[in-house]
Structures are given as C-alpha cells and as structure tokens.
file my_file05.cif (mmCIF, C-alpha atoms)
data_my_file
#
loop_
_atom_site.group_PDB
_atom_site.id
_atom_site.type_symbol
_atom_site.label_atom_id
_atom_site.label_comp_id
_atom_site.auth_asym_id
_atom_site.auth_seq_id
_atom_site.Cartn_x
_atom_site.Cartn_y
_atom_site.Cartn_z
ATOM 1 C CA MET A 29 137.363 143.227 99.703
ATOM 2 C CA GLY A 30 137.241 139.468 99.375
ATOM 3 C CA ALA A 31 134.853 136.613 99.919
ATOM 4 C CA ILE A 32 132.711 136.850 103.034
ATOM 5 C CA ASN A 33 132.351 133.640 104.985
ATOM 6 C CA ILE A 34 128.928 133.438 106.620
ATOM 7 C CA GLN A 35 129.977 131.112 109.436
ATOM 8 C CA GLU A 36 132.960 133.313 110.330
ATOM 9 C CA LYS A 37 130.625 136.295 110.582
ATOM 10 C CA LEU A 38 128.202 134.313 112.750
ATOM 11 C CA ASN A 39 131.082 133.458 115.080
ATOM 12 C CA LEU A 40 131.567 137.169 115.837
ATOM 13 C CA PHE A 41 128.419 137.599 117.922
ATOM 14 C CA SER A 42 126.111 135.702 120.207
ATOM 15 C CA ASP A 43 123.269 138.053 121.097
ATOM 16 C CA HIS A 44 119.759 137.164 120.027
ATOM 17 C CA TRP A 45 117.297 139.215 117.979
ATOM 18 C CA SER A 46 119.983 141.743 117.044
ATOM 19 C CA PRO A 47 120.693 141.490 113.305
ATOM 20 C CA LYS A 48 124.201 142.369 112.104
ATOM 21 C CA LYS A 49 124.782 143.942 108.720
ATOM 22 C CA VAL A 50 127.203 142.027 106.504
ATOM 23 C CA GLY A 51 126.475 143.605 103.139
ATOM 24 C CA GLU A 52 124.631 146.338 101.317
ATOM 25 C CA LEU A 53 123.530 146.532 97.684
ATOM 26 C CA ASN A 54 120.921 148.281 95.606
ATOM 27 C CA GLY A 55 119.314 149.936 98.636
ATOM 28 C CA GLN A 56 119.015 146.561 100.333
ATOM 29 C CA GLN A 57 120.960 144.978 103.160
ATOM 30 C CA ILE A 58 122.213 141.513 103.994
ATOM 31 C CA LEU A 59 121.802 140.712 107.667
ATOM 32 C CA LEU A 60 122.774 137.781 109.844
ATOM 33 C CA ALA A 61 120.954 137.110 113.085
ATOM 34 C CA LYS A 62 120.760 134.585 115.884
ATOM 35 C CA LEU A 63 117.282 134.045 117.220
ATOM 36 C CA LYS A 64 116.086 132.283 120.332
ATOM 37 C CA GLY A 65 112.715 132.490 122.007
ATOM 38 C CA GLU A 66 109.767 134.577 120.870
ATOM 39 C CA PHE A 67 109.944 137.840 118.965
ATOM 40 C CA ILE A 68 106.986 140.223 118.990
ATOM 41 C CA TRP A 69 104.046 140.590 116.645
ATOM 42 C CA HIS A 70 104.819 143.331 114.130
ATOM 43 C CA THR A 71 104.194 144.480 110.582
ATOM 44 C CA ASN A 72 106.612 145.978 108.050
ATOM 45 C CA GLU A 73 104.229 148.201 106.128
ATOM 46 C CA ASN A 74 106.475 148.875 103.129
ATOM 47 C CA GLU A 75 109.067 146.145 103.060
ATOM 48 C CA ASP A 76 109.033 142.499 102.073
ATOM 49 C CA GLU A 77 111.420 140.478 104.204
ATOM 50 C CA PHE A 78 113.446 137.414 103.172
ATOM 51 C CA PHE A 79 114.339 134.847 105.852
ATOM 52 C CA MET A 80 116.730 131.993 105.080
ATOM 53 C CA VAL A 81 117.599 129.482 107.771
ATOM 54 C CA ILE A 82 121.269 128.541 108.112
ATOM 55 C CA LYS A 83 120.964 126.573 111.343
ATOM 56 C CA GLY A 84 117.988 125.230 113.261
ATOM 57 C CA SER A 85 114.273 125.630 112.597
ATOM 58 C CA LEU A 86 112.309 128.859 112.675
ATOM 59 C CA ASP A 87 108.563 129.214 113.091
ATOM 60 C CA ILE A 88 106.983 132.318 111.629
ATOM 61 C CA GLU A 89 103.515 132.789 113.031
ATOM 62 C CA PHE A 90 100.873 134.586 111.021
ATOM 63 C CA LYS A 91 97.335 135.300 112.137
ATOM 64 C CA ASP A 92 96.022 132.379 110.059
ATOM 65 C CA LYS A 93 98.938 129.930 109.910
ATOM 66 C CA THR A 94 102.453 129.088 111.016
ATOM 67 C CA ILE A 95 105.274 128.470 108.586
ATOM 68 C CA THR A 96 108.239 126.407 109.728
ATOM 69 C CA LEU A 97 111.577 126.945 108.025
ATOM 70 C CA HIS A 98 114.314 124.375 108.344
ATOM 71 C CA LYS A 99 117.983 124.723 107.389
ATOM 72 C CA GLY A 100 118.293 125.427 103.672
ATOM 73 C CA GLU A 101 114.787 126.845 103.385
ATOM 74 C CA PHE A 102 113.590 130.404 102.898
ATOM 75 C CA PHE A 103 110.391 132.416 103.018
ATOM 76 C CA ILE A 104 109.500 135.940 101.955
ATOM 77 C CA VAL A 105 107.156 137.678 104.399
ATOM 78 C CA PRO A 106 105.132 140.105 102.274
ATOM 79 C CA ARG A 107 104.884 143.725 103.345
ATOM 80 C CA GLY A 108 101.834 144.569 105.387
ATOM 81 C CA VAL A 109 101.470 141.109 106.875
ATOM 82 C CA GLU A 110 101.620 140.844 110.657
ATOM 83 C CA HIS A 111 104.010 138.148 111.805
ATOM 84 C CA LYS A 112 105.923 136.841 114.786
ATOM 85 C CA PRO A 113 109.115 134.770 114.524
ATOM 86 C CA ILE A 114 109.612 132.067 117.151
ATOM 87 C CA ALA A 115 112.779 130.040 117.660
ATOM 88 C CA LYS A 116 112.236 127.186 120.105
ATOM 89 C CA GLU A 117 115.966 126.438 119.925
ATOM 90 C CA GLU A 118 118.639 128.812 118.648
ATOM 91 C CA VAL A 119 118.277 129.577 114.954
ATOM 92 C CA HIS A 120 120.714 131.331 112.614
ATOM 93 C CA VAL A 121 119.217 133.253 109.722
ATOM 94 C CA LEU A 122 120.267 135.324 106.744
ATOM 95 C CA LEU A 123 117.925 138.205 105.902
ATOM 96 C CA PHE A 124 117.515 140.334 102.773
ATOM 97 C CA GLU A 125 115.530 143.506 103.264
ATOM 98 C CA PRO A 126 115.494 147.185 102.336
ATOM 99 C CA LEU A 127 117.720 149.623 104.204
ATOM 100 C CA SER A 128 114.525 151.453 105.188
ATOM 101 C CA ILE A 129 113.139 148.613 107.261
ATOM 102 C CA LYS A 130 112.600 148.959 110.990
ATOM 103 C CA HIS A 131 113.529 146.069 113.244
ATOM 104 C CA THR A 132 110.118 145.697 114.825
ATOM 105 C CA GLY A 133 108.173 147.355 112.028
ATOM 106 C CA ASN A 134 105.215 149.347 113.300
ATOM 107 C CA VAL A 135 105.952 148.551 116.963
ATOM 108 C CA MET A 136 108.547 149.941 119.370
ATOM 109 C CA ALA A 137 109.549 147.600 122.190
ATOM 110 C CA ASP A 138 112.390 146.888 124.577
ATOM 111 C CA ILE A 139 113.714 144.385 122.055
ATOM 112 C CA THR A 140 113.857 146.969 119.251
ATOM 113 C CA VAL A 141 117.287 147.636 117.708
ATOM 114 C CA GLU A 142 117.402 151.011 115.975
ATOM 115 C CA ASN A 143 120.710 150.700 114.112
ATOM 116 C CA TYR A 144 122.136 147.401 112.996
ATOM 117 C CA GLU A 145 125.798 146.909 113.803
ATOM 118 C CA ARG A 146 128.038 146.316 110.797
ATOM 119 C CA ILE A 147 130.340 143.326 111.199
ATOM 120 C CA MET B 24 102.727 129.725 99.986
ATOM 121 C CA GLY B 25 105.049 127.862 102.305
ATOM 122 C CA ALA B 26 108.730 127.390 102.938
ATOM 123 C CA ILE B 27 110.901 127.120 99.844
ATOM 124 C CA ASN B 28 113.565 124.450 99.977
ATOM 125 C CA ILE B 29 116.635 125.537 98.033
ATOM 126 C CA GLN B 30 117.879 122.027 97.289
ATOM 127 C CA GLU B 31 114.460 120.937 96.002
ATOM 128 C CA LYS B 32 114.458 123.907 93.642
ATOM 129 C CA LEU B 33 117.981 123.077 92.457
ATOM 130 C CA ASN B 34 116.829 119.524 91.698
ATOM 131 C CA LEU B 35 114.346 120.905 89.146
ATOM 132 C CA PHE B 36 116.919 121.902 86.535
ATOM 133 C CA SER B 37 120.339 120.981 85.245
ATOM 134 C CA ASP B 38 121.241 123.582 82.605
ATOM 135 C CA HIS B 39 124.220 125.829 83.197
ATOM 136 C CA TRP B 40 124.370 129.629 83.158
ATOM 137 C CA SER B 41 120.584 129.909 83.116
ATOM 138 C CA PRO B 42 119.380 131.399 86.410
ATOM 139 C CA LYS B 43 115.921 130.415 87.662
ATOM 140 C CA LYS B 44 113.791 132.818 89.646
ATOM 141 C CA VAL B 45 112.644 131.482 93.009
ATOM 142 C CA GLY B 46 111.513 134.672 94.703
ATOM 143 C CA GLU B 47 110.822 138.359 94.275
ATOM 144 C CA LEU B 48 110.777 141.149 96.835
ATOM 145 C CA ASN B 49 111.218 144.914 96.956
ATOM 146 C CA GLY B 50 112.032 145.140 93.239
ATOM 147 C CA GLN B 51 114.727 142.491 93.661
ATOM 148 C CA GLN B 52 114.845 138.831 92.730
ATOM 149 C CA ILE B 53 116.234 135.656 94.239
ATOM 150 C CA LEU B 54 117.796 133.418 91.614
ATOM 151 C CA LEU B 55 119.336 129.961 91.694
ATOM 152 C CA ALA B 56 121.828 128.908 89.061
ATOM 153 C CA LYS B 57 124.138 126.055 88.162
ATOM 154 C CA LEU B 58 127.406 127.154 86.638
ATOM 155 C CA LYS B 59 130.080 125.191 84.848
ATOM 156 C CA GLY B 60 132.865 126.447 82.646
ATOM 157 C CA GLU B 61 133.575 130.049 81.760
ATOM 158 C CA PHE B 62 131.022 132.823 81.529
ATOM 159 C CA ILE B 63 131.791 135.981 79.567
ATOM 160 C CA TRP B 64 133.289 139.289 80.588
ATOM 161 C CA HIS B 65 130.470 141.743 81.274
ATOM 162 C CA THR B 66 129.458 144.741 83.362
ATOM 163 C CA ASN B 67 126.171 145.512 85.101
ATOM 164 C CA GLU B 68 126.173 149.288 84.865
ATOM 165 C CA ASN B 69 123.409 149.953 87.393
ATOM 166 C CA GLU B 70 123.115 146.879 89.540
ATOM 167 C CA ASP B 71 125.189 145.417 92.345
ATOM 168 C CA GLU B 72 125.080 141.621 92.265
ATOM 169 C CA PHE B 73 125.181 139.213 95.220
ATOM 170 C CA PHE B 74 126.670 135.745 94.671
ATOM 171 C CA MET B 75 126.430 133.095 97.401
ATOM 172 C CA VAL B 76 127.913 129.655 96.818
ATOM 173 C CA ILE B 77 125.781 126.681 97.867
ATOM 174 C CA LYS B 78 127.932 123.973 96.308
ATOM 175 C CA GLY B 79 131.424 123.983 94.846
ATOM 176 C CA SER B 80 133.851 126.858 94.355
ATOM 177 C CA LEU B 81 133.375 129.839 92.073
ATOM 178 C CA ASP B 82 136.077 132.109 90.724
ATOM 179 C CA ILE B 83 135.048 135.637 89.844
ATOM 180 C CA GLU B 84 137.705 137.248 87.687
ATOM 181 C CA PHE B 85 138.167 140.994 87.735
ATOM 182 C CA LYS B 86 140.643 142.949 85.673
ATOM 183 C CA ASP B 87 142.999 143.259 88.648
ATOM 184 C CA LYS B 88 142.270 140.179 90.782
ATOM 185 C CA THR B 89 140.343 136.941 91.123
ATOM 186 C CA ILE B 90 138.045 136.205 94.043
ATOM 187 C CA THR B 91 137.312 132.596 94.915
ATOM 188 C CA LEU B 92 134.078 131.804 96.707
ATOM 189 C CA HIS B 93 133.657 128.492 98.481
ATOM 190 C CA LYS B 94 130.458 126.970 99.865
ATOM 191 C CA GLY B 95 128.974 129.230 102.517
ATOM 192 C CA GLU B 96 130.701 132.351 101.188
ATOM 193 C CA PHE B 97 129.324 135.347 99.354
ATOM 194 C CA PHE B 98 130.530 138.368 97.450
ATOM 195 C CA ILE B 99 128.825 141.498 96.157
ATOM 196 C CA VAL B 100 130.060 142.549 92.722
ATOM 197 C CA PRO B 101 129.651 146.342 92.641
ATOM 198 C CA ARG B 102 127.832 147.947 89.729
ATOM 199 C CA GLY B 103 130.068 149.138 86.932
ATOM 200 C CA VAL B 104 132.807 146.589 87.572
ATOM 201 C CA GLU B 105 133.657 144.255 84.723
ATOM 202 C CA HIS B 106 133.769 140.636 85.819
ATOM 203 C CA LYS B 107 133.776 137.075 84.570
ATOM 204 C CA PRO B 108 132.561 134.093 86.622
ATOM 205 C CA ILE B 109 134.421 130.814 86.110
ATOM 206 C CA ALA B 110 133.380 127.438 87.510
ATOM 207 C CA LYS B 111 136.081 124.828 87.018
ATOM 208 C CA GLU B 112 133.676 122.213 88.389
ATOM 209 C CA GLU B 113 129.915 122.606 88.680
ATOM 210 C CA VAL B 114 128.905 125.293 91.141
ATOM 211 C CA HIS B 115 125.481 126.068 92.590
ATOM 212 C CA VAL B 116 124.797 129.665 93.525
ATOM 213 C CA LEU B 117 122.083 131.837 94.987
ATOM 214 C CA LEU B 118 121.902 135.332 93.510
ATOM 215 C CA PHE B 119 120.167 138.420 94.856
ATOM 216 C CA GLU B 120 119.861 141.266 92.374
ATOM 217 C CA PRO B 121 117.448 143.868 91.005
ATOM 218 C CA LEU B 122 114.677 142.819 88.626
ATOM 219 C CA SER B 123 116.173 145.263 86.133
ATOM 220 C CA ILE B 124 119.440 143.393 85.741
ATOM 221 C CA LYS B 125 120.442 141.848 82.421
ATOM 222 C CA HIS B 126 122.004 138.405 82.411
ATOM 223 C CA THR B 127 125.150 139.437 80.574
ATOM 224 C CA GLY B 128 124.996 143.116 81.486
ATOM 225 C CA ASN B 129 126.264 145.351 78.722
ATOM 226 C CA VAL B 130 126.995 142.426 76.377
ATOM 227 C CA MET B 131 124.683 140.277 74.246
ATOM 228 C CA ALA B 132 125.980 136.792 73.473
ATOM 229 C CA ASP B 133 124.755 133.319 72.564
ATOM 230 C CA ILE B 134 124.770 132.494 76.256
ATOM 231 C CA THR B 135 122.463 135.406 77.130
ATOM 232 C CA VAL B 136 119.123 134.515 78.748
ATOM 233 C CA GLU B 137 116.589 137.301 78.302
ATOM 234 C CA ASN B 138 113.881 136.126 80.693
ATOM 235 C CA TYR B 139 114.560 134.007 83.705
ATOM 236 C CA GLU B 140 112.262 131.038 84.148
ATOM 237 C CA ARG B 141 110.277 131.003 87.366
ATOM 238 C CA ILE B 142 110.461 127.700 89.211
#
call {"tool": "encode", "arguments": {"input": "my_file05.cif", "output": "structure tokens"}}
result
Amino acid sequence: MGAINIQEKLNLFSDHWSPKKVGELNGQQILLAKLKGEFIWHTNENEDEFFMVIKGSLDIEFKDKTITLHKGEFFIVPRGVEHKPIAKEEVHVLLFEPLSIKHTGNVMADITVENYERI
Amino acid sequence: MGAINIQEKLNLFSDHWSPKKVGELNGQQILLAKLKGEFIWHTNENEDEFFMVIKGSLDIEFKDKTITLHKGEFFIVPRGVEHKPIAKEEVHVLLFEPLSIKHTGNVMADITVENYERI
C-alpha cells in the first residue's frame, strides 16, 4: 500500500451524505463524504465525531448554537450531543470516528447508510 | 468551543518533532507537528498511526521501501512496523493516533517527548 491522495479518492464518487471509508486504524475509521443540503437531527450516543472541511463551508447546528466550519477547520462533536449538519453549497469533509458509529446515530431515516462503501 | 483552524494552530509553534495536541476523541488524539530532518527508527507495538501531510513532502522509510507523502496525502503506519520519518524540507503534518502511543515507540532518545503540549 502507498500514499492515499484525498482528492483522488474524492473524485471517485459524487453522491451526497454517503460517507466512503478510506482507512481504518485502532478501531476507528477515516471517511470522506460530500455533503449538500440538510442532514437530519441525530445523536451518536457513544461516539465522538471529528469533522474536517476540505472544500466549502459546513454548518453544524446544535440546539443552542451553530458552528460554521470553513476549509482547513475541524470540530469534534461530542458523543450524546444532538446535531444536524447543513451544507448550503457542496462541502467535502474528512471524518474520524469509531467503527461502531451509526450514520444517523439514534435515528433511522431514508437517508441512512448502513454500511459505508470502501474506496 | 468553536471551529479549530489548523493553520492558526500551526502558527503557534515552530519546534520540530514535537507534536502538539489539538483534539481528543474516543481515546484517540489529533496532533499537529512540524518536522524537519531525520527522526529515529522506532516501532509502535500496539498503535496504528495516521500521517496526513498539510505542507511539504514527507518520506517514511520502512525496512523494505520508502513511502513519500505529498500535501493532501495520508498513510497509516500499521502497528508493529518499524519506520523512520524523514523531512528533507520542513513538513507540517496532522496525526491521528491513540492516547496510549509513545512518541518514539519502543525507543527512548534525546528527541523523545513524553507529554504532548495541548495548544
């Protein structure tokens, strides 16, 4: 295995809200995702979730505030905290999270992806 | 807490081979480091280690090959594999690894940092 180029991996897919797995280590996974529009309110009861923006600007709504992440910025959503990502324009993100995490946390919805594709 | 800007964090230090902690989640840590010159051969017996290059080009030497990581590329060094990072010019990296990891793995050296500063 050699170096993994993030942009080359991003070029392999175009669907939104469907994270792709690009690495796995220490019980955690590295995901890349393209986001556009509104996700759903959900909570990951047992997993903290790292979002890093590679392209665009991502809003993460919480019940008491909204955090905006621009390119080159990251935020860790603590476990147990209800949140809703919103991408007004297309956003590309890198995620670090445990293998145990569920896409939409405590909620099942049409948008829910049960198994992340490995690319 | 709000968004964390990676470049702003990198602007806070200039020492080489001394990772700074910028986040913690799920028993793992997010580190930023500036590298220049040769590190030492070492092995992390129980931890896989994620290197992502933010600036410059990093060589990671293994006993049987060398992997070169350019900006926007990452590599996961598997646990138990002896390796030696080399930065011919200054390199900025983001690392994702367990809290339990030791800076120089199975080796203690003058370069070893025992506790990573939080910035």
call {"tool": "resolve_selection", "arguments": {"input": "my_file05.cif", "expression": "the PyMOL selection byres ((chain A and resi 135-146) around 8)", "output": "PDB file with C-alpha atoms, in the frame of the given file"}}
result
ATOM      1  CA  TRP A  45     117.297 139.215 117.979  1.00  0.00           C
ATOM      2  CA  SER A  46     119.983 141.743 117.044  1.00  0.00           C
ATOM      3  CA  PRO A  47     120.693 141.490 113.305  1.00  0.00           C
ATOM      4  CA  LYS A  48     124.201 142.369 112.104  1.00  0.00           C
ATOM      5  CA  LYS A  49     124.782 143.942 108.720  1.00  0.00           C
ATOM      6  CA  VAL A  50     127.203 142.027 106.504  1.00  0.00           C
ATOM      7  CA  HIS A  70     104.819 143.331 114.130  1.00  0.00           C
ATOM      8  CA  THR A  71     104.194 144.480 110.582  1.00  0.00           C
ATOM      9  CA  LYS A 130     112.600 148.959 110.990  1.00  0.00           C
ATOM     10  CA  HIS A 131     113.529 146.069 113.244  1.00  0.00           C
ATOM     11  CA  THR A 132     110.118 145.697 114.825  1.00  0.00           C
ATOM     12  CA  GLY A 133     108.173 147.355 112.028  1.00  0.00           C
ATOM     13  CA  ASN A 134     105.215 149.347 113.300  1.00  0.00           C
ATOM     14  CA  ILE A 147     130.340 143.326 111.199  1.00  0.00           C
TER      15      ILE A 147
END
call {"tool": "resolve_selection", "arguments": {"input": "my_file05.cif", "expression": "the PyMOL selection byres ((chain A and resi 69) around 7)", "output": "JSON, numbers by chain"}}
result
{"A": [67, 68, 70, 110, 111, 112]}
call {"tool": "resolve_selection", "arguments": {"input": "my_file05.cif", "expression": "the PyMOL selection byres ((chain A) within 9 of (chain B))", "output": "number ranges by chain"}}
result
A: 29-35, 51-54, 56, 74-78, 95-104, 106, 124-126
call {"tool": "residues_near_point", "arguments": {"input": "my_file05.cif", "point": "(137.7, 130.0, 90.0)", "cutoff": "9 Å", "atoms": "all atoms listed in the file", "output": "PyMOL selection string"}}
result
chain B and resi 80-84+89-92+108-112
call {"tool": "atom_distance", "arguments": {"input": "my_file05.cif", "atom1": "CA of Lys57 in chain B", "atom2": "CA of Ser37 in chain B"}}
result
7.0 Å
call {"tool": "atom_distance", "arguments": {"input": "my_file05.cif", "atom1": "CA of Gly84 in chain A", "atom2": "CA of Gln52 in chain B"}}
result
24.8 Å
call {"tool": "closest_residue", "arguments": {"input": "my_file05.cif", "among": "A:Leu127, A:Val121, A:Lys91, A:Gly65", "to": "Lys37 in chain A", "atoms": "only C-alpha atoms"}}
result
A:Val121
call {"tool": "axis_aligned_box", "arguments": {"input": "my_file05.cif", "around": "range 62-66 of chain B", "padding_each_side": "5 Å", "output": "JSON"}}
result
{"center_x": 131.4, "center_y": 138.8, "center_z": 81.5, "size_x": 13.8, "size_y": 21.9, "size_z": 13.8}
call {"tool": "atom_distance", "arguments": {"input": "my_file05.cif", "atom1": "CA of Val76 in chain B", "atom2": "CA of Val114 in chain B"}}
result
7.2 Å
call {"tool": "build_atoms", "arguments": {"input": "my_file05.cif", "residues": "range 99-110 of chain B", "atoms": "all heavy atoms", "output": "CSV table (one decimal), keeping the file's coordinate frame"}}
result
chain,number,residue,atom,x,y,z
B,99,ILE,N,129.7,140.6,96.9
B,99,ILE,CA,128.8,141.5,96.2
B,99,ILE,C,129.7,142.2,95.1
B,99,ILE,O,130.6,142.9,95.4
B,99,ILE,CB,128.2,142.6,97.1
B,99,ILE,CG1,127.3,141.9,98.1
B,99,ILE,CG2,127.5,143.6,96.3
B,99,ILE,CD1,126.9,142.8,99.3
B,100,VAL,N,129.4,141.9,93.8
B,100,VAL,CA,130.1,142.5,92.7
B,100,VAL,C,129.4,143.9,92.6
B,100,VAL,O,128.2,144.1,92.3
B,100,VAL,CB,129.9,141.7,91.4
B,100,VAL,CG1,130.6,142.5,90.3
B,100,VAL,CG2,130.5,140.3,91.6
B,101,PRO,N,130.2,145.0,92.7
B,101,PRO,CA,129.7,146.3,92.6
B,101,PRO,C,129.3,146.7,91.2
B,101,PRO,O,129.9,146.2,90.3
B,101,PRO,CB,130.8,147.3,93.1
B,101,PRO,CG,131.8,146.4,93.8
B,101,PRO,CD,131.6,145.0,93.1
B,102,ARG,N,128.2,147.5,91.1
B,102,ARG,CA,127.8,147.9,89.7
B,102,ARG,C,129.0,148.6,89.0
B,102,ARG,O,129.9,149.2,89.7
B,102,ARG,CB,126.7,148.9,89.9
B,102,ARG,CG,127.0,150.2,90.6
B,102,ARG,CD,125.8,151.0,90.9
B,102,ARG,NE,124.9,150.3,91.8
B,102,ARG,CZ,123.6,150.7,92.1
B,102,ARG,NH1,123.1,151.8,91.4
B,102,ARG,NH2,122.9,150.1,93.0
B,103,GLY,N,129.0,148.4,87.7
B,103,GLY,CA,130.1,149.1,86.9
B,103,GLY,C,131.4,148.4,86.9
B,103,GLY,O,132.3,148.9,86.2
B,104,VAL,N,131.5,147.3,87.5
B,104,VAL,CA,132.8,146.6,87.6
B,104,VAL,C,132.8,145.4,86.7
B,104,VAL,O,132.0,144.4,86.9
B,104,VAL,CB,133.1,146.2,89.0
B,104,VAL,CG1,134.4,145.4,89.0
B,104,VAL,CG2,133.3,147.4,89.9
B,105,GLU,N,133.6,145.4,85.7
B,105,GLU,CA,133.7,144.3,84.7
B,105,GLU,C,134.1,143.0,85.4
B,105,GLU,O,135.1,143.0,86.2
B,105,GLU,CB,134.6,144.6,83.6
B,105,GLU,CG,134.4,143.7,82.4
B,105,GLU,CD,135.2,144.1,81.1
B,105,GLU,OE1,136.2,145.0,81.3
B,105,GLU,OE2,135.0,143.7,80.0
B,106,HIS,N,133.4,141.9,85.1
B,106,HIS,CA,133.8,140.6,85.8
B,106,HIS,C,133.4,139.4,84.9
B,106,HIS,O,132.6,139.6,84.0
B,106,HIS,CB,133.1,140.5,87.2
B,106,HIS,CG,131.6,140.5,87.1
B,106,HIS,ND1,130.8,141.7,86.9
B,106,HIS,CD2,130.7,139.6,87.3
B,106,HIS,CE1,129.6,141.4,86.9
B,106,HIS,NE2,129.4,140.1,87.1
B,107,LYS,N,134.0,138.3,85.3
B,107,LYS,CA,133.8,137.1,84.6
B,107,LYS,C,133.8,135.9,85.5
B,107,LYS,O,134.8,135.6,86.1
B,107,LYS,CB,134.9,136.9,83.6
B,107,LYS,CG,134.9,135.6,82.8
B,107,LYS,CD,136.1,135.5,81.9
B,107,LYS,CE,136.1,134.2,81.2
B,107,LYS,NZ,137.3,134.1,80.2
B,108,PRO,N,132.6,135.3,85.8
B,108,PRO,CA,132.6,134.1,86.6
B,108,PRO,C,133.1,132.9,85.9
B,108,PRO,O,132.9,132.7,84.7
B,108,PRO,CB,131.1,133.9,86.9
B,108,PRO,CG,130.4,135.2,86.5
B,108,PRO,CD,131.3,135.8,85.4
B,109,ILE,N,133.9,132.1,86.6
B,109,ILE,CA,134.4,130.8,86.1
B,109,ILE,C,134.2,129.7,87.1
B,109,ILE,O,134.6,129.8,88.3
B,109,ILE,CB,135.9,130.9,85.8
B,109,ILE,CG1,136.2,132.0,84.8
B,109,ILE,CG2,136.5,129.6,85.4
B,109,ILE,CD1,137.7,132.3,84.5
B,110,ALA,N,133.6,128.6,86.6
B,110,ALA,CA,133.4,127.4,87.5
B,110,ALA,C,134.1,126.3,86.9
B,110,ALA,O,133.7,125.7,85.9
B,110,ALA,CB,131.9,127.1,87.6
